[in-house]
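What follows is a set of notes on a single structure, which appears directly below.
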Amino acid sequence: MTYRAPTDDILFALDTAAGLPGLVERGVLEGVDGDLVKAIVEEAARFAEEELAPLNRVGDIQGARLENGTVVVPEGWTDAYRKWTDAGWAALPGPVDYGGQGLPNVLSMAVCEIWNAANLAFGLAPLLTQGTVDALVLEGSDALKQTYLPKLVSGEWCGTMNLTEPQAGSDLGLLKTRAEPQGDGSYRLYGTKIFITYGEHEMTENICHLVLARLPDAPPGTKGISLFLVPKYLVNEDGTLGARNDVVCTGLEHKLGIHASPTCVMTYGDKEGAVGYMVGEPHRGLKAMFIMMNAARLAVGVQGVAVAERATQAAMAYARERRQGRALGAPRDAGPAPIMVHPDVRRMLMTMQALTGAARAICLATAVAGDVAERSSDAAERARAEGLRALLTPVAKAFSTDIGVEVASLAIQVHGGMGYIEETGAAQFYRDARILPIYEGTNGIQAIDLVTRKLPLENGAVLQAYVAEMRETAEAVRNSNQPGFGAMAERLDEALGALEGASRWLGQALAKGDVASALAGATPYLRLFGLTAGGTYLARGALGAARAGAGDGARPIVLARFFAETLLTEAPALARTITDGAGALAAAGTLFDA
């Protein structure tokens, strides 16, 4: 199925959910205006539709393969990547001092959706490179910045993130890779990392691995982890590439999806030791790595939006073409109707569109909070925005990737039996999406982070301020007197009440030291938060459409009402699960006794 980037939906969400026009007007996003944003989004759409989308199926079928230590990517992959970098896309969010365009992250995330919807396996490569840039900008030495950032920003070189080891998944305190100082400022690394996305390939001249490892005097656990930059090829003083470093790909994982994206087993120091350079301070590697991880968490959330959008487009196209069953009220001799006319199919299609729109809005709102935190001239505004970014990041990552899987699954259901057949393409979206809730800290970890770290921020003041903003939206919906809004205001009020009640209960549980009960409710709480935030952002879109003179049948109004009246109704039940479900989980403990 042909991909068409949803440029109108993205631009609308940038206006209503991210509030871009107000920020542009106040000069928070210097050098950016509506015309520039529109031009960039539309040109990204053209490139993705023409260059990346046609390779999606090719990549899924051919996959990446390992030949004599070298990863061979599918046909057309390297050429498309070079066209992408030549067009300047890699440099879009990069710092100006190192050759980047310095454009806001919210704009980068908008086009990130387009790359990943067109071709998720391709989109993973630049995602990791941008995270490498972010980490080096904030934690790298001047020498590392001068040597590596210009090539990373341009996309001529790419970056990877090396955390996981066979015995150490999410529990990084168990990692064993070691780094031995050499006396000249460099280190030699020895160890094995697994699940390294784009760990080896020849799409770029060099690959810059960010690797977590332990120094000889490192204390145990996560407090003894340092971060190192380990290039595939060493870099000479004049900036040219030198000898091949002692880092090799010794295996490729055989995966459920994203077949074209090489997921590598990387071996460091099989011979003389892999040369690396410390990023940040000794034993403070997680601090530096989390710069990259937090950026990646938002970007992975955007990938969830992307695959949901692509799956929705495929389902919509199929539902228009596939004829089966008589339409309700049609004459007995009427022929089969397009399945789109049947209520249950419409329910699925509306659910897919509404969830995708809600997740897109959450991700763009999170991105713009980061931009304000970094760019505003007002210290108080920067602080508020930083708190909001911290609060929303786990929601953007987890809620969006969860709905990516849900929507891709619904796309198969809309296709019926044909969805289970690989030739239709619907199955690929589901297979590709399934890794996203696992990436960059599983969604269970994101829920724990939300409840135990973000909910208590400033003694709950960050959450309270955000809920107050959402209540203003609900009040505006109530005062709009728009018949097409239906029960939107009432459902928003119910959801906000459920969120506030669940938040108080979790806060009290933590205050009493009842961490087990709080953790038992963490995942349903994140879902409750995502639904409430998503419904609020869609309501803002409906208000914007109404102010612009749109009728009750306008898409933003229809989607917001559907979300409120059919999906947001889950909120009170989720709150009850959070407050009443811990006991049932505790009682089930005997079932898991060894």
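Each chain in the structure tokens gets a letter, A, B and so on, in the order shown; residues start at 1 in every chain, and ligands are counted from 1 in the order they appear.
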Item to check | Those of segment 368-512 of chain A in DSSP alpha helix (DSSP H), formatted as a PyMOL selection string | outcome: chain A and resi 368-375+379-415+426-433+443-449+461-480+488-511
Item to check | Thr132 of chain A environment, 7 Å, only C-alpha atoms, sequence neighbours closer than 5 positions dropped, as a list of chain:residue names | outcome: A:Gly159, A:Thr160, A:Met292
Please identify every residue of segment 426-481 of chain A that has at least one atom no farther than 12 Å from an atom of segment 105-129 of chain A, counting only C-alpha atoms, and for each give the shortest atom pair and the distance in Å to one decimal, arranged by chain then increasing number, as a tab-separated table.
```
residue	atom	partner	partner_atom	distance
A:Gln428	CA	A:Leu120	CA	10.4
A:Phe429	CA	A:Leu120	CA	9.0
A:Tyr430	CA	A:Leu120	CA	11.6
A:Arg431	CA	A:Leu120	CA	11.1
A:Asp432	CA	A:Leu120	CA	7.4
A:Ala433	CA	A:Leu120	CA	8.7
A:Arg434	CA	A:Leu120	CA	11.9
A:Ile435	CA	A:Leu120	CA	11.2
A:Leu436	CA	A:Leu120	CA	10.6
A:Tyr439	CA	A:Leu124	CA	11.2
A:Glu440	CA	A:Leu128	CA	11.1
```
Checklist outcome for this item: Nearest to Glu386 of chain A, restricted to only C-alpha atoms and choosing among A:Glu458, A:Asp333, A:Glu490, A:Glu30, comes out as A:Glu458
Checklist entry - Using only C-alpha atoms, which of the listed residues (A:Met161, A:Ala509, A:His201, A:Ala213) sits closest to Arg188 of chain A? => result A:Ala213
Item to check | Contact residues around Leu227 of chain A with only C-alpha atoms at 8 Å, ignoring same-chain residues under 5 positions, as a list in words | outcome: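 Listing them by chain and then by number gives Leu210, Val211, Leu212, Ala213, Met278, Val279, Gly280, Pro282, Arg284, Gly285, Leu286, Ala288 and Met289 of chain A.
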Mind writing the picked residues with N, CA and C atoms as a short mmCIF file (atom, residue, chain, number, x, y, z; two decimals), in the first residue's frame?
```
data_model
loop_
_atom_site.label_atom_id
_atom_site.label_comp_id
_atom_site.auth_asym_id
_atom_site.auth_seq_id
_atom_site.Cartn_x
_atom_site.Cartn_y
_atom_site.Cartn_z
N LEU A 210 28.63 4.40 21.54
CA LEU A 210 28.66 4.82 22.93
C LEU A 210 28.47 3.57 23.78
N VAL A 211 29.48 3.25 24.60
CA VAL A 211 29.54 1.96 25.28
C VAL A 211 29.65 2.16 26.79
N LEU A 212 28.80 1.48 27.53
CA LEU A 212 28.89 1.46 28.98
C LEU A 212 29.86 0.37 29.41
N ALA A 213 30.79 0.73 30.30
CA ALA A 213 31.80 -0.23 30.76
C ALA A 213 32.27 0.18 32.15
N MET A 278 36.65 8.38 27.11
CA MET A 278 35.60 8.58 28.10
C MET A 278 34.72 9.77 27.74
N VAL A 279 33.43 9.58 27.93
CA VAL A 279 32.44 10.65 27.76
C VAL A 279 31.89 10.97 29.14
N GLY A 280 32.08 12.21 29.59
CA GLY A 280 31.64 12.57 30.93
C GLY A 280 32.66 12.18 31.98
N PRO A 282 34.29 9.78 35.25
CA PRO A 282 34.40 8.38 35.65
C PRO A 282 33.27 7.99 36.59
N ARG A 284 30.28 7.94 36.20
CA ARG A 284 29.03 8.71 36.02
C ARG A 284 28.45 8.48 34.63
N GLY A 285 28.72 7.30 34.10
CA GLY A 285 28.32 7.01 32.72
C GLY A 285 26.83 7.01 32.48
N LEU A 286 26.07 6.57 33.50
CA LEU A 286 24.62 6.54 33.31
C LEU A 286 24.05 7.94 33.16
N ALA A 288 25.45 10.44 31.63
CA ALA A 288 25.66 10.81 30.23
C ALA A 288 24.77 9.99 29.30
N MET A 289 24.69 8.68 29.58
CA MET A 289 23.91 7.81 28.70
C MET A 289 22.43 8.15 28.75
#
```
Next on the checklist: Show me, as a ChimeraX atom specification, the residues that have an atom within 12 Å of segment 50-62 of chain A when counting only C-alpha atoms, minus same-chain residues fewer than 6 positions from it.
Outcome noted: /A:1-5,43-44,72-84,87,114-123,255-262,307,310,422-429,431-432
Close residues, segment 566-581 of chain A itself excluded, 7 Å, only C-alpha atoms, min 2 positions apart in chain, as a PDB file with C-alpha atoms, in the first residue's frame:
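Now in part-v6.pdb:
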```
ATOM      1  CA  ARG A 491     -15.991  12.519  29.853  1.00  0.00           C
ATOM      2  CA  ALA A 495     -11.126  11.219  33.391  1.00  0.00           C
ATOM      3  CA  ALA A 498     -10.040   9.614  37.987  1.00  0.00           C
ATOM      4  CA  LEU A 499      -6.473  10.775  37.321  1.00  0.00           C
ATOM      5  CA  ALA A 502      -5.451   7.752  41.441  1.00  0.00           C
ATOM      6  CA  TRP A 505      -3.770   7.315  46.215  1.00  0.00           C
ATOM      7  CA  GLY A 521      -0.855   0.189  39.870  1.00  0.00           C
ATOM      8  CA  PRO A 524      -2.699   1.095  34.576  1.00  0.00           C
ATOM      9  CA  TYR A 525      -1.809   4.556  35.916  1.00  0.00           C
ATOM     10  CA  LEU A 528      -4.934   6.399  32.566  1.00  0.00           C
ATOM     11  CA  LEU A 531      -5.779   8.487  27.781  1.00  0.00           C
ATOM     12  CA  THR A 532      -6.544  11.630  29.779  1.00  0.00           C
ATOM     13  CA  GLY A 535      -8.234  13.130  25.098  1.00  0.00           C
ATOM     14  CA  PHE A 562     -15.208   9.602  19.509  1.00  0.00           C
ATOM     15  CA  PHE A 563     -12.141   9.414  21.751  1.00  0.00           C
ATOM     16  CA  ALA A 564     -13.992  10.994  24.674  1.00  0.00           C
ATOM     17  CA  GLY A 583      -4.533  -6.615  47.067  1.00  0.00           C
ATOM     18  CA  ALA A 584      -5.489  -9.082  44.365  1.00  0.00           C
ATOM     19  CA  LEU A 585      -1.969  -9.005  42.975  1.00  0.00           C
TER      20      LEU A 585
END
```
Can you list every residue of segment 216-295 of chain A that has an atom at most 12 Å from segment 388-401 of chain A, with its nearest atom pair and the distance in Å to one decimal, using only C-alpha atoms, ordered by chain then number, as a tab-separated table?
```
residue	atom	partner	partner_atom	distance
A:Ile291	CA	A:Ala390	CA	11.9
A:Met293	CA	A:Thr393	CA	10.8
A:Asn294	CA	A:Thr393	CA	7.4
A:Ala295	CA	A:Thr393	CA	8.9
```
Next, the residues of the selection above should be written as a JSON list (two decimals), in the first residue's frame with N, CA and C atoms.
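again-v5.json written:
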```json
[["chain", "number", "residue", "atom", "x", "y", "z"],
["A", 291, "ILE", "N", 21.10, 10.98, 28.87],
["A", 291, "ILE", "CA", 20.81, 12.06, 27.92],
["A", 291, "ILE", "C", 20.36, 11.46, 26.61],
["A", 293, "MET", "N", 19.35, 8.29, 26.19],
["A", 293, "MET", "CA", 18.19, 7.43, 26.37],
["A", 293, "MET", "C", 16.90, 8.23, 26.45],
["A", 294, "ASN", "N", 16.90, 9.36, 27.14],
["A", 294, "ASN", "CA", 15.68, 10.15, 27.23],
["A", 294, "ASN", "C", 15.27, 10.72, 25.88],
["A", 295, "ALA", "N", 16.27, 11.14, 25.09],
["A", 295, "ALA", "CA", 15.96, 11.59, 23.73],
["A", 295, "ALA", "C", 15.40, 10.44, 22.92]]
```
Item to check | Closest of A:Ala369, A:Val153, A:Cys158, A:Val515 to Leu298 of chain A - atom-to-atom distances counting only C-alpha atoms | outcome: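 Of A:Ala369, A:Val153, A:Cys158, A:Val515, the one nearest Leu298 of chain A, counting only C-alpha atoms, is A:Ala369.
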